[in-house]
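Engineer: Following this line is protein20.txt, made up of compact mmCIF, C-alpha atoms:
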# COMPACT_ATOMS: atom_id res chain seq x y z
CA MET A 148 -10.95 -1.21 -20.55
CA GLY A 149 -8.25 -3.52 -19.20
CA ILE A 150 -6.31 -2.75 -16.03
CA TYR A 151 -3.30 -1.62 -18.09
CA GLU A 152 -5.43 0.90 -19.97
CA GLU A 153 -6.95 2.07 -16.69
CA LEU A 154 -3.50 2.65 -15.19
CA GLN A 155 -2.65 4.69 -18.28
CA ALA A 156 -5.86 6.71 -18.04
CA ARG A 157 -5.17 7.44 -14.38
CA GLY A 158 -1.70 8.75 -15.25
CA LEU A 159 0.13 6.11 -13.24
CA ILE A 160 2.51 4.56 -15.76
CA ALA A 161 5.88 6.25 -16.15
CA GLN A 162 8.12 3.69 -17.92
CA VAL A 163 7.85 0.07 -19.04
CA THR A 164 10.35 -2.37 -20.47
CA ASP A 165 8.11 -4.31 -22.89
CA GLU A 166 4.75 -2.62 -23.27
CA GLU A 167 2.76 -5.18 -25.25
CA GLU A 168 3.98 -8.10 -23.14
CA ILE A 169 3.20 -6.24 -19.92
CA ARG A 170 -0.19 -5.13 -21.21
CA ASN A 171 -1.21 -8.70 -22.08
CA LEU A 172 0.21 -10.13 -18.87
CA ILE A 173 -1.57 -7.88 -16.40
CA ASN A 174 -4.80 -7.57 -18.41
CA ASN A 175 -5.08 -11.38 -18.28
CA GLY A 176 -4.14 -11.69 -14.61
CA GLY A 177 -0.84 -13.36 -15.42
CA ALA A 178 1.53 -11.11 -13.50
CA ARG A 179 3.21 -12.36 -10.35
CA PHE A 180 4.73 -9.04 -9.45
CA TYR A 181 6.66 -7.56 -6.58
CA ILE A 182 7.15 -4.17 -5.00
CA GLY A 183 9.79 -3.61 -2.34
CA PHE A 184 9.44 -1.63 0.89
CA ASP A 185 12.57 -0.90 2.92
CA PRO A 186 11.88 -0.66 6.68
CA THR A 187 13.46 2.77 7.19
CA ALA A 188 10.82 3.73 9.81
CA ASP A 189 8.30 2.04 12.10
CA SER A 190 5.42 2.98 9.81
CA LEU A 191 4.64 3.23 6.13
CA HIS A 192 3.96 6.78 4.98
CA VAL A 193 2.05 8.53 2.23
CA GLY A 194 5.05 8.10 -0.07
CA HIS A 195 4.24 4.34 -0.04
CA PHE A 196 0.55 4.99 -0.55
CA MET A 197 0.56 4.98 -4.34
CA ALA A 198 2.44 1.67 -4.47
CA LEU A 199 -0.07 0.08 -2.09
CA CYS A 200 -2.97 1.36 -4.20
CA LEU A 201 -1.31 -0.02 -7.33
CA MET A 202 -0.91 -3.44 -5.73
CA LYS A 203 -4.57 -3.38 -4.73
CA ARG A 204 -5.68 -2.46 -8.26
CA LEU A 205 -3.58 -5.21 -9.83
CA GLN A 206 -4.72 -7.81 -7.30
CA MET A 207 -8.35 -6.90 -7.94
CA ALA A 208 -7.64 -7.59 -11.64
CA GLY A 209 -6.44 -11.13 -10.83
CA ASN A 210 -2.68 -10.57 -10.61
CA LYS A 211 -0.70 -11.88 -7.62
CA PRO A 212 1.40 -9.54 -5.47
CA VAL A 213 4.65 -10.52 -3.82
CA VAL A 214 5.23 -7.94 -1.09
CA LEU A 215 8.93 -7.64 -0.34
CA VAL A 216 10.06 -6.06 2.91
CA GLY A 217 13.72 -5.13 2.84
CA GLY A 218 15.01 -6.65 6.03
CA GLY A 219 18.29 -7.25 4.17
CA THR A 220 18.58 -4.16 1.95
CA GLY A 221 17.61 -2.14 5.02
CA TYR A 222 21.12 -2.83 6.30
CA ILE A 223 22.47 -0.81 3.35
CA GLY A 224 19.91 1.88 2.55
CA ASP A 225 18.67 3.00 -0.86
CA PRO A 226 20.55 6.09 -2.14
CA SER A 227 17.77 6.95 -4.62
CA GLY A 228 16.53 10.52 -4.29
CA ARG A 229 18.94 11.34 -1.46
CA THR A 230 21.84 13.73 -1.04
CA ASP A 231 23.05 12.13 2.18
CA MET A 232 23.59 8.65 3.55
CA ARG A 233 20.78 7.00 5.51
CA THR A 234 21.18 6.39 9.22
CA MET A 235 22.35 2.86 9.96
CA MET A 236 19.72 0.81 11.82
CA THR A 237 20.21 -2.06 14.26
CA PRO A 238 18.96 -5.55 13.27
CA GLU A 239 16.34 -5.30 16.05
CA THR A 240 14.97 -2.01 14.69
CA ILE A 241 14.85 -3.36 11.14
CA GLN A 242 12.91 -6.45 12.20
CA ALA A 243 10.50 -4.44 14.38
CA ASN A 244 9.76 -2.11 11.47
CA CYS A 245 9.15 -5.04 9.10
CA ASP A 246 6.67 -6.57 11.55
CA LYS A 247 4.63 -3.34 11.65
CA PHE A 248 4.47 -3.00 7.87
CA LYS A 249 2.32 -6.09 7.30
CA VAL A 250 -0.37 -4.91 9.73
CA GLN A 251 -0.73 -1.68 7.76
CA MET A 252 -0.57 -3.42 4.38
CA GLU A 253 -3.45 -5.75 5.23
CA ARG A 254 -5.85 -2.82 4.74
CA PHE A 255 -4.88 -2.85 1.06
CA ILE A 256 -3.67 -6.35 0.19
CA ASP A 257 -5.41 -9.72 0.57
CA PHE A 258 -2.89 -12.15 2.07
CA GLY A 259 -5.34 -15.07 2.05
CA PRO A 260 -4.62 -18.54 0.59
CA ASP A 261 -3.28 -18.37 -2.98
CA LYS A 262 -3.49 -14.57 -2.83
CA ALA A 263 -0.60 -12.26 -1.96
CA ILE A 264 2.52 -13.34 -0.10
CA MET A 265 4.98 -11.34 1.98
CA VAL A 266 8.68 -12.14 1.91
CA ASN A 267 11.72 -10.62 3.63
CA ASN A 268 14.97 -10.33 1.68
CA ALA A 269 16.92 -10.80 4.91
CA ASP A 270 16.11 -14.50 4.43
CA TRP A 271 18.43 -14.74 1.42
CA LEU A 272 20.65 -11.65 1.42
CA LEU A 273 22.08 -12.03 4.93
CA GLY A 274 23.34 -15.53 4.17
CA LEU A 275 25.08 -14.67 0.89
CA ASN A 276 28.74 -15.52 0.55
CA TYR A 277 30.52 -12.39 -0.66
CA ILE A 278 32.99 -14.14 -3.01
CA GLU A 279 30.24 -16.32 -4.41
CA LEU A 280 28.08 -13.23 -5.06
CA LEU A 281 30.95 -11.44 -6.80
CA ARG A 282 31.59 -14.41 -9.10
CA ASP A 283 27.94 -15.26 -9.72
CA VAL A 284 26.43 -11.78 -10.14
CA GLY A 285 29.33 -9.33 -10.49
CA PRO A 286 30.20 -10.16 -14.13
CA HIS A 287 26.72 -9.06 -15.23
CA PHE A 288 27.15 -5.47 -13.97
CA SER A 289 29.07 -2.71 -15.74
CA VAL A 290 30.49 -0.13 -13.33
CA ASN A 291 30.33 2.51 -16.08
CA THR A 292 26.62 1.83 -16.56
CA MET A 293 25.99 1.88 -12.81
CA LEU A 294 27.68 5.26 -12.39
CA ARG A 295 25.39 6.74 -15.04
CA ALA A 296 22.29 5.57 -13.15
CA GLU A 297 19.94 8.33 -12.02
CA CYS A 298 19.69 6.87 -8.53
CA TYR A 299 23.40 7.59 -7.90
CA LYS A 300 23.74 11.03 -9.48
CA GLN A 301 22.58 13.05 -6.47
CA ARG A 302 24.95 11.16 -4.20
CA MET A 303 28.04 11.52 -6.41
CA GLU A 304 28.64 15.18 -5.54
CA LYS A 305 28.75 14.64 -1.78
CA GLY A 306 30.27 11.20 -1.97
CA LEU A 307 28.69 7.84 -2.74
CA SER A 308 29.81 5.16 -0.28
CA PHE A 309 30.76 1.68 -1.47
CA LEU A 310 28.03 0.42 0.85
CA GLU A 311 25.35 2.33 -1.07
CA PHE A 312 26.94 1.48 -4.42
CA ASN A 313 25.99 -2.15 -3.78
CA TYR A 314 22.31 -1.36 -3.39
CA MET A 315 21.56 -1.80 -7.10
CA ILE A 316 23.16 -5.24 -7.05
CA MET A 317 21.13 -6.24 -4.00
CA GLN A 318 17.86 -5.09 -5.56
CA ALA A 319 18.65 -6.88 -8.81
CA TYR A 320 19.47 -10.03 -6.86
CA ASP A 321 16.11 -9.77 -5.10
CA PHE A 322 14.28 -9.95 -8.43
CA TYR A 323 16.48 -12.83 -9.57
CA TYR A 324 15.82 -14.76 -6.34
CA LEU A 325 12.05 -14.11 -6.40
CA HIS A 326 11.92 -15.18 -10.04
CA ASN A 327 13.64 -18.48 -9.27
CA LYS A 328 11.77 -19.29 -6.05
CA TYR A 329 8.31 -17.75 -6.56
CA LYS A 330 8.09 -17.45 -10.37
CA CYS A 331 7.93 -13.68 -10.03
CA ASN A 332 7.90 -12.18 -13.53
CA MET A 333 7.46 -8.45 -12.97
CA GLN A 334 8.68 -5.65 -10.73
CA PHE A 335 6.89 -2.37 -10.02
CA GLY A 336 8.20 0.72 -8.32
CA GLY A 337 8.53 4.48 -8.38
CA ASP A 338 10.16 6.06 -11.42
CA ASP A 339 13.23 6.91 -9.32
CA GLN A 340 13.90 3.15 -9.20
CA TRP A 341 14.15 2.64 -12.96
CA SER A 342 17.89 1.91 -13.08
CA ASN A 343 17.70 -0.61 -10.27
CA MET A 344 14.73 -2.33 -11.84
CA LEU A 345 16.38 -2.60 -15.24
CA ALA A 346 19.37 -4.21 -13.55
CA GLY A 347 17.08 -6.91 -12.16
CA THR A 348 15.37 -7.68 -15.47
CA GLU A 349 18.74 -7.88 -17.23
CA LEU A 350 20.21 -10.18 -14.57
CA ILE A 351 17.31 -12.62 -14.95
CA ARG A 352 17.49 -12.59 -18.73
CA LYS A 353 21.25 -13.10 -18.80
CA LYS A 354 21.37 -15.86 -16.19
CA THR A 355 18.18 -17.79 -16.99
CA GLY A 356 17.10 -16.74 -20.47
CA ASP A 357 13.60 -16.14 -19.06
CA ASP A 358 11.48 -13.08 -19.66
CA ALA A 359 11.22 -10.54 -16.86
CA TYR A 360 9.55 -7.17 -16.95
CA ALA A 361 9.59 -3.86 -15.09
CA MET A 362 7.16 -0.98 -14.91
CA THR A 363 7.52 2.23 -12.93
CA ILE A 364 4.70 4.39 -11.67
CA THR A 365 4.79 8.16 -11.68
CA LEU A 366 5.80 9.60 -8.32
CA LEU A 367 3.06 12.06 -7.42
CA LEU A 368 4.39 15.57 -6.87
CA ASN A 369 2.58 18.57 -5.52
CA SER A 370 2.64 21.95 -7.21
CA GLU A 371 5.75 23.05 -5.37
CA GLY A 372 7.63 20.00 -6.64
CA LYS A 373 7.84 18.28 -3.25
CA LYS A 374 7.30 14.57 -2.98
CA MET A 375 3.87 13.43 -1.89
CA GLY A 376 3.42 13.20 1.84
CA LYS A 377 6.02 15.76 2.92
CA THR A 378 4.89 18.60 5.17
CA ALA A 379 6.61 21.25 7.20
CA LYS A 380 6.65 18.93 10.20
CA GLY A 381 7.82 15.78 8.36
CA ALA A 382 6.15 12.80 6.74
CA VAL A 383 2.46 11.92 6.75
CA TRP A 384 2.34 8.44 8.25
CA LEU A 385 -0.20 5.64 7.79
CA ASP A 386 0.08 4.71 11.48
CA PRO A 387 -2.72 6.60 13.31
CA LYS A 388 -0.46 6.97 16.35
CA LYS A 389 1.99 9.02 14.29
CA THR A 390 -0.49 10.86 12.05
CA SER A 391 -4.06 10.87 13.34
CA PRO A 392 -6.92 10.10 10.91
CA TYR A 393 -7.97 13.75 11.21
CA GLU A 394 -4.45 15.00 10.36
CA PHE A 395 -4.36 12.55 7.45
CA TYR A 396 -7.73 13.84 6.24
CA GLN A 397 -6.58 17.43 6.56
CA TYR A 398 -3.41 16.77 4.56
CA TRP A 399 -5.50 15.76 1.56
CA ARG A 400 -8.16 18.40 2.25
CA ASN A 401 -5.44 21.03 1.91
CA VAL A 402 -3.69 19.86 -1.27
CA ASP A 403 -3.06 22.55 -3.85
CA ASP A 404 -6.01 23.26 -6.14
CA ALA A 405 -3.95 22.30 -9.19
CA ASP A 406 -3.31 18.80 -7.79
CA VAL A 407 -6.80 17.75 -6.78
CA MET A 408 -7.92 16.09 -10.03
CA LYS A 409 -4.54 14.38 -10.43
CA CYS A 410 -4.83 12.93 -6.94
CA LEU A 411 -8.41 11.79 -7.53
CA ARG A 412 -7.33 9.94 -10.66
CA MET A 413 -4.14 8.40 -9.33
CA LEU A 414 -5.08 7.49 -5.77
CA THR A 415 -8.81 6.88 -5.43
CA PHE A 416 -10.89 3.98 -6.70
CA ILE A 417 -13.64 6.27 -7.93
CA PRO A 418 -14.63 5.13 -11.46
CA LEU A 419 -12.94 7.12 -14.20
CA SER A 420 -16.31 8.05 -15.71
CA GLU A 421 -17.22 9.87 -12.49
CA ILE A 422 -13.85 11.60 -12.33
CA ASP A 423 -14.28 12.72 -15.94
CA GLU A 424 -17.57 14.34 -14.91
CA MET A 425 -15.83 16.12 -12.02
CA GLU A 426 -13.44 17.67 -14.52
CA LYS A 427 -16.43 19.63 -15.83
CA TRP A 428 -17.38 21.04 -12.44
CA ASP A 429 -17.22 24.78 -11.96
CA ASP A 430 -14.18 26.14 -10.09
CA SER A 431 -16.48 27.12 -7.23
CA ARG A 432 -16.77 23.40 -6.36
CA ILE A 433 -13.05 22.92 -5.67
CA ASN A 434 -13.65 22.43 -1.94
CA GLU A 435 -16.19 19.73 -2.72
CA LYS A 436 -13.55 17.88 -4.73
CA LYS A 437 -11.00 18.25 -1.92
CA ALA A 438 -13.43 16.95 0.68
CA LEU A 439 -14.20 13.94 -1.51
CA LEU A 440 -10.50 13.23 -2.04
CA ALA A 441 -9.77 13.49 1.69
CA TYR A 442 -12.72 11.24 2.60
CA GLU A 443 -11.89 8.54 0.04
CA LEU A 444 -8.23 8.29 1.01
CA THR A 445 -8.87 8.43 4.76
CA SER A 446 -11.42 5.68 4.31
CA LEU A 447 -8.87 3.55 2.45
CA VAL A 448 -6.22 3.91 5.14
CA HIS A 449 -8.24 4.20 8.36
CA GLY A 450 -11.70 2.89 7.51
CA LYS A 451 -15.06 4.56 6.82
CA GLU A 452 -15.82 5.26 10.49
CA GLU A 453 -12.64 7.29 10.98
CA ALA A 454 -13.19 9.03 7.65
CA GLU A 455 -16.69 10.07 8.79
CA LYS A 456 -15.32 11.37 12.09
CA ALA A 457 -12.57 13.33 10.35
CA SER A 458 -15.06 14.80 7.89
CA GLU A 459 -17.46 15.85 10.64
CA THR A 460 -14.62 17.33 12.69
CA ALA A 461 -13.44 19.34 9.70
CA LYS A 462 -16.95 20.70 9.14
CA ALA A 463 -17.31 21.58 12.82
CA LEU A 464 -13.96 23.35 12.89
CA PHE A 465 -14.84 25.30 9.79
CA SER A 466 -18.13 26.44 11.27
CA GLY A 467 -16.56 27.24 14.66
CA LYS A 468 -18.91 24.79 16.43
CA VAL A 469 -16.29 22.26 17.45
CA SER A 470 -16.68 20.17 20.62
CA ALA A 471 -14.04 18.52 22.78
CA GLU A 472 -15.29 15.12 21.62
CA ASN A 473 -14.28 15.53 17.99
CA MET A 474 -11.48 18.06 18.44
CA PRO A 475 -7.93 17.13 17.32
CA SER A 476 -5.87 16.45 20.43
CA THR A 477 -2.33 15.77 21.64
CA GLU A 478 -1.29 13.90 24.78
CA ILE A 479 1.34 15.81 26.75
CA ASP A 480 3.78 14.09 29.09
CA ASN A 481 6.78 15.15 31.21
CA VAL A 482 4.93 18.19 32.53
CA ALA A 483 6.44 19.96 35.55
CA ASP A 484 4.34 20.36 38.69
CA ASP A 485 3.66 24.01 37.90
CA GLY A 486 2.65 23.26 34.29
CA ILE A 487 4.10 23.93 30.84
CA GLY A 488 4.87 27.17 28.99
CA ILE A 489 2.47 28.10 26.21
CA LEU A 490 5.30 28.31 23.67
CA ASP A 491 6.42 24.74 24.38
CA LEU A 492 2.83 23.56 24.42
CA MET A 493 2.06 25.05 21.00
CA ILE A 494 5.13 23.35 19.52
CA ALA A 495 4.15 20.00 21.13
CA CYS A 496 0.69 20.32 19.55
CA ASN A 497 2.16 21.21 16.13
CA LEU A 498 0.47 24.62 16.27
CA ALA A 499 3.82 26.32 15.68
CA LYS A 500 7.16 25.17 14.30
CA SER A 501 9.27 27.23 16.70
CA LYS A 502 9.07 29.39 19.79
CA ASN A 503 9.56 32.48 17.65
CA GLU A 504 6.53 31.59 15.54
CA ALA A 505 4.44 30.82 18.65
CA ARG A 506 5.50 34.09 20.28
CA ARG A 507 4.59 36.06 17.15
CA LEU A 508 1.12 34.47 17.00
CA ILE A 509 0.51 35.37 20.65
CA LEU A 510 1.67 38.97 20.30
CA GLN A 511 -0.59 39.34 17.26
CA GLY A 512 -3.54 38.32 19.42
CA GLY A 513 -4.18 35.06 17.59
CA VAL A 514 -4.06 32.55 20.47
CA THR A 515 -6.55 31.67 23.22
CA VAL A 516 -6.44 28.98 25.93
CA ASP A 517 -9.74 27.82 27.39
CA GLU A 518 -11.46 30.83 25.75
CA GLU A 519 -9.07 33.33 27.38
CA LYS A 520 -6.87 35.37 25.02
CA VAL A 521 -3.18 34.81 25.64
CA THR A 522 -1.47 38.20 25.95
CA GLU A 523 1.93 37.13 27.27
CA PRO A 524 4.29 34.52 25.75
CA THR A 525 5.34 33.64 29.31
CA LEU A 526 1.92 32.14 30.15
CA ILE A 527 2.03 28.81 32.01
CA VAL A 528 -0.73 26.28 31.27
CA THR A 529 -1.29 24.43 34.53
CA LYS A 530 -1.32 20.72 35.13
CA ALA A 531 -4.93 20.99 36.27
CA GLN A 532 -5.91 22.50 32.92
CA LEU A 533 -4.14 19.71 31.06
CA GLN A 534 -5.81 17.01 33.18
CA THR A 535 -9.22 18.10 31.93
CA GLY A 536 -7.93 19.11 28.51
CA ALA A 537 -6.77 22.61 27.66
CA VAL A 538 -8.37 23.94 24.49
CA ILE A 539 -6.03 26.06 22.39
CA LYS A 540 -7.44 28.16 19.57
CA LYS A 541 -5.12 29.54 16.89
CA GLY A 542 -6.61 32.15 14.63
CA GLN A 543 -10.31 31.77 13.82
CA LYS A 544 -10.56 28.13 12.73
CA VAL A 545 -7.80 26.03 14.32
CA PHE A 546 -8.79 24.31 17.58
CA HIS A 547 -6.63 21.84 19.47
CA ARG A 548 -6.99 20.04 22.77
CA ALA A 549 -3.89 19.40 24.91
CA ILE A 550 -4.46 16.70 27.51
CA LEU A 551 -2.14 15.22 30.13
CA LYS A 552 -0.97 11.73 29.21
CA GLY A 553 -2.05 8.97 31.52
Since I need it in another form, could you write the structure as structure tokens?

Structural biologist:
Amino acid sequence: MGIYEELQARGLIAQVTDEEEIRNLINNGGARFYIGFDPTADSLHVGHFMALCLMKRLQMAGNKPVVLVGGGTGYIGDPSGRTDMRTMMTPETIQANCDKFKVQMERFIDFGPDKAIMVNNADWLLGLNYIELLRDVGPHFSVNTMLRAECYKQRMEKGLSFLEFNYMIMQAYDFYYLHNKYKCNMQFGGDDQWSNMLAGTELIRKKTGDDAYAMTITLLLNSEGKKMGKTAKGAVWLDPKKTSPYEFYQYWRNVDDADVMKCLRMLTFIPLSEIDEMEKWDDSRINEKKALLAYELTSLVHGKEEAEKASETAKALFSGKVSAENMPSTEIDNVADDGIGILDLMIACNLAKSKNEARRLILQGGVTVDEEKVTEPTLIVTKAQLQTGAVIKKGQKVFHRAILKG
């Protein structure tokens, strides 16, 4: 089985421009492909995870990745999949975010000699002359076609800014530039990027006469139709300072039953033959599948040692034999001399989304602090307790340690 057939079997391929050409190219290690990552935050998140895994799979098959960080397109913001305009970032923030991306990507991609390269589109986009761009690239874009693009439809109702309207042109120009400078012949991305990617392949073909290809991967959705990596408290980050390895593990440990096999196929590097065998497992082994999924993905992002710790912590929490050493914890700062209210503390530790929810849990008798049941929502957890680590228990299985920062 070639890598193309494996991607198909794992359910990763959504759309391709020229199937036979792409199949031959990547099966023979001939693709010099790029995937773009806009620096909209100071960490990559689980939404980027599938793209990183895809790059790793293709590189392992002999193809060469060109990792593009959008230091230039980050000034505009991709309207794909959004109903509102992205917050404008300062040049300093954009650059700082780009710098952090490579550190996280090195867990997946080999940037050694003659391996993968990382480029920043700020290097060519920020120096473009506007009139020159209009004359050189503008004639190859039909406004009517652009307005029909899926990536703009959600923004049309609330108002698509001219700034965002240019994003497709910028992304197409990226592919054109990478083709000319680095011989890049293929672009990969999520299936919400299809229109933008087609624009790039067409620009190259019209201006150079060369072949260029595009392939989109299926964006993994959970059973409720939400994008991968979204939780009630926000995104699941790859940076352990933003989402701890244990929280990352627990996210995958708690995926919906209906999504487990899909996630094992699309995201892990477990051989397909083994996954096919898992399909035959009895429904009573669903938790075994979830634990395997969580371990494999945590190991990929944070390493085997952290995956082992997260797995052991999860087992300890489930059995009720958790210790302070392996308990999930949150550092608390800006605490008044007399301490912090239990409602605020529960929110800070992500044990409740709001004071109302925290108050309800307490009144229902479901919260203890340092093994003492909390009976009043007005309880103050003292600074002394936080200095040694206050252990909060929610319900029967959720333990959390709140410790004073510094």

Engineer: Find the axis-aligned box for stretch 279-282 of chain A, covering all its listed atoms and adding 4 Å on each side, and write its centre and edge lengths in Å to one decimal as AutoDock Vina command-line options.

Structural biologist:
--center_x 29.8 --center_y -13.9 --center_z -6.8 --size_x 11.5 --size_y 12.9 --size_z 12.7

Engineer: Would you work out the distance separating atom CA of A:Ala441 from atom CA of A:Thr390, expressed in Å to one decimal?

Structural biologist: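 Going from atom CA of A:Ala441 over to atom CA of A:Thr390, I get 14.2 Å.
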
Engineer: Could you list, as a list of chain:residue names, every residue within 8 Å of A:Ile422, counting only C-alpha atoms and ignoring same-chain residues fewer than 5 positions away?

Structural biologist: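 So, after excluding close chain neighbours, the residues are A:Met408, A:Leu411, A:Arg412, A:Ile417.
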
Engineer: Have a look at atom CA of A:Ala461 and atom CA of A:Thr445 and let me know their distance in Å, one decimal.

Structural biologist: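 It comes out at 12.8 Å.
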
Engineer: Could you give me, as a list of chain:residue names, the residues within 8 Å of stretch 392-399 of chain A, counting only C-alpha atoms and dropping anything in the same chain fewer than 6 positions from it?

Structural biologist: A:Val383, A:Trp384, A:Lys437, A:Leu440, A:Ala441, A:Tyr442, A:Leu444, A:Thr445, A:His449, A:Glu453, A:Ala454, A:Lys456, A:Ala457, A:Ser458, A:Thr460, A:Ala461, A:Pro475

Engineer: Only C-alpha atoms, please: the residues just picked out, written as a tab-separated table (two decimals), in the coordinates of the input.

Structural biologist:
chain	number	residue	atom	x	y	z
A	383	VAL	CA	2.46	11.92	6.75
A	384	TRP	CA	2.34	8.44	8.25
A	437	LYS	CA	-11.00	18.25	-1.92
A	440	LEU	CA	-10.50	13.23	-2.04
A	441	ALA	CA	-9.77	13.49	1.69
A	442	TYR	CA	-12.72	11.24	2.60
A	444	LEU	CA	-8.23	8.29	1.01
A	445	THR	CA	-8.87	8.43	4.76
A	449	HIS	CA	-8.24	4.20	8.36
A	453	GLU	CA	-12.64	7.29	10.98
A	454	ALA	CA	-13.19	9.03	7.65
A	456	LYS	CA	-15.32	11.37	12.09
A	457	ALA	CA	-12.57	13.33	10.35
A	458	SER	CA	-15.06	14.80	7.89
A	460	THR	CA	-14.62	17.33	12.69
A	461	ALA	CA	-13.44	19.34	9.70
A	475	PRO	CA	-7.93	17.13	17.32

Engineer: Need to verify the contact set: A:Lys530, 9 Å, all atoms listed in the file, exclusion of same-chain residues closer than 5 positions in sequence. Can you return it as a list in words?

Structural biologist: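 Returned residues: Val482, Ala483, Asp484, Asp485, Gly486, Ile487, Thr535 and Leu551 of chain A.
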
Engineer: Hey, which of A:Glu311, A:Asp270, A:Glu504, A:Asp357 ends up closest to A:Asn327? Count only C-alpha atoms.

Structural biologist: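 Under the stated criterion, the closest residue is A:Asp357.
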
Engineer: For stretch 164-177 of chain A, where the input has fewer atoms than it should, I would like N, CA and C atoms rebuilt and written as an mmCIF file, in the coordinates of the input.

Structural biologist:
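And here is the file that came out, selection_29.cif:
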data_model
loop_
_atom_site.group_PDB
_atom_site.id
_atom_site.type_symbol
_atom_site.label_atom_id
_atom_site.label_comp_id
_atom_site.auth_asym_id
_atom_site.auth_seq_id
_atom_site.Cartn_x
_atom_site.Cartn_y
_atom_site.Cartn_z
ATOM 1 N N THR A 164 9.301 -1.757 -19.662
ATOM 2 C CA THR A 164 10.350 -2.370 -20.470
ATOM 3 C C THR A 164 9.802 -2.940 -21.779
ATOM 4 N N ASP A 165 8.672 -3.624 -21.722
ATOM 5 C CA ASP A 165 8.110 -4.310 -22.890
ATOM 6 C C ASP A 165 6.592 -4.108 -22.857
ATOM 7 N N GLU A 166 6.121 -3.047 -23.484
ATOM 8 C CA GLU A 166 4.750 -2.620 -23.270
ATOM 9 C C GLU A 166 3.708 -3.666 -23.643
ATOM 10 N N GLU A 167 3.789 -4.239 -24.832
ATOM 11 C CA GLU A 167 2.760 -5.180 -25.250
ATOM 12 C C GLU A 167 2.722 -6.419 -24.373
ATOM 13 N N GLU A 168 3.917 -6.925 -24.007
ATOM 14 C CA GLU A 168 3.980 -8.100 -23.140
ATOM 15 C C GLU A 168 3.391 -7.795 -21.770
ATOM 16 N N ILE A 169 3.725 -6.624 -21.236
ATOM 17 C CA ILE A 169 3.200 -6.240 -19.920
ATOM 18 C C ILE A 169 1.696 -6.026 -19.986
ATOM 19 N N ARG A 170 1.244 -5.366 -21.040
ATOM 20 C CA ARG A 170 -0.190 -5.130 -21.210
ATOM 21 C C ARG A 170 -0.961 -6.455 -21.197
ATOM 22 N N ASN A 171 -0.514 -7.409 -21.996
ATOM 23 C CA ASN A 171 -1.210 -8.700 -22.080
ATOM 24 C C ASN A 171 -1.139 -9.457 -20.755
ATOM 25 N N LEU A 172 0.007 -9.382 -20.108
ATOM 26 C CA LEU A 172 0.210 -10.130 -18.870
ATOM 27 C C LEU A 172 -0.726 -9.650 -17.777
ATOM 28 N N ILE A 173 -0.754 -8.345 -17.522
ATOM 29 C CA ILE A 173 -1.570 -7.880 -16.400
ATOM 30 C C ILE A 173 -3.048 -7.806 -16.747
ATOM 31 N N ASN A 174 -3.387 -7.581 -18.027
ATOM 32 C CA ASN A 174 -4.800 -7.570 -18.410
ATOM 33 C C ASN A 174 -5.423 -8.957 -18.276
ATOM 34 N N ASN A 175 -4.598 -10.006 -18.387
ATOM 35 C CA ASN A 175 -5.080 -11.380 -18.280
ATOM 36 C C ASN A 175 -4.796 -12.010 -16.918
ATOM 37 N N GLY A 176 -4.381 -11.181 -15.954
ATOM 38 C CA GLY A 176 -4.140 -11.690 -14.610
ATOM 39 C C GLY A 176 -2.942 -12.596 -14.498
ATOM 40 N N GLY A 177 -1.978 -12.452 -15.403
ATOM 41 C CA GLY A 177 -0.840 -13.360 -15.420
ATOM 42 C C GLY A 177 0.414 -12.835 -14.741
#
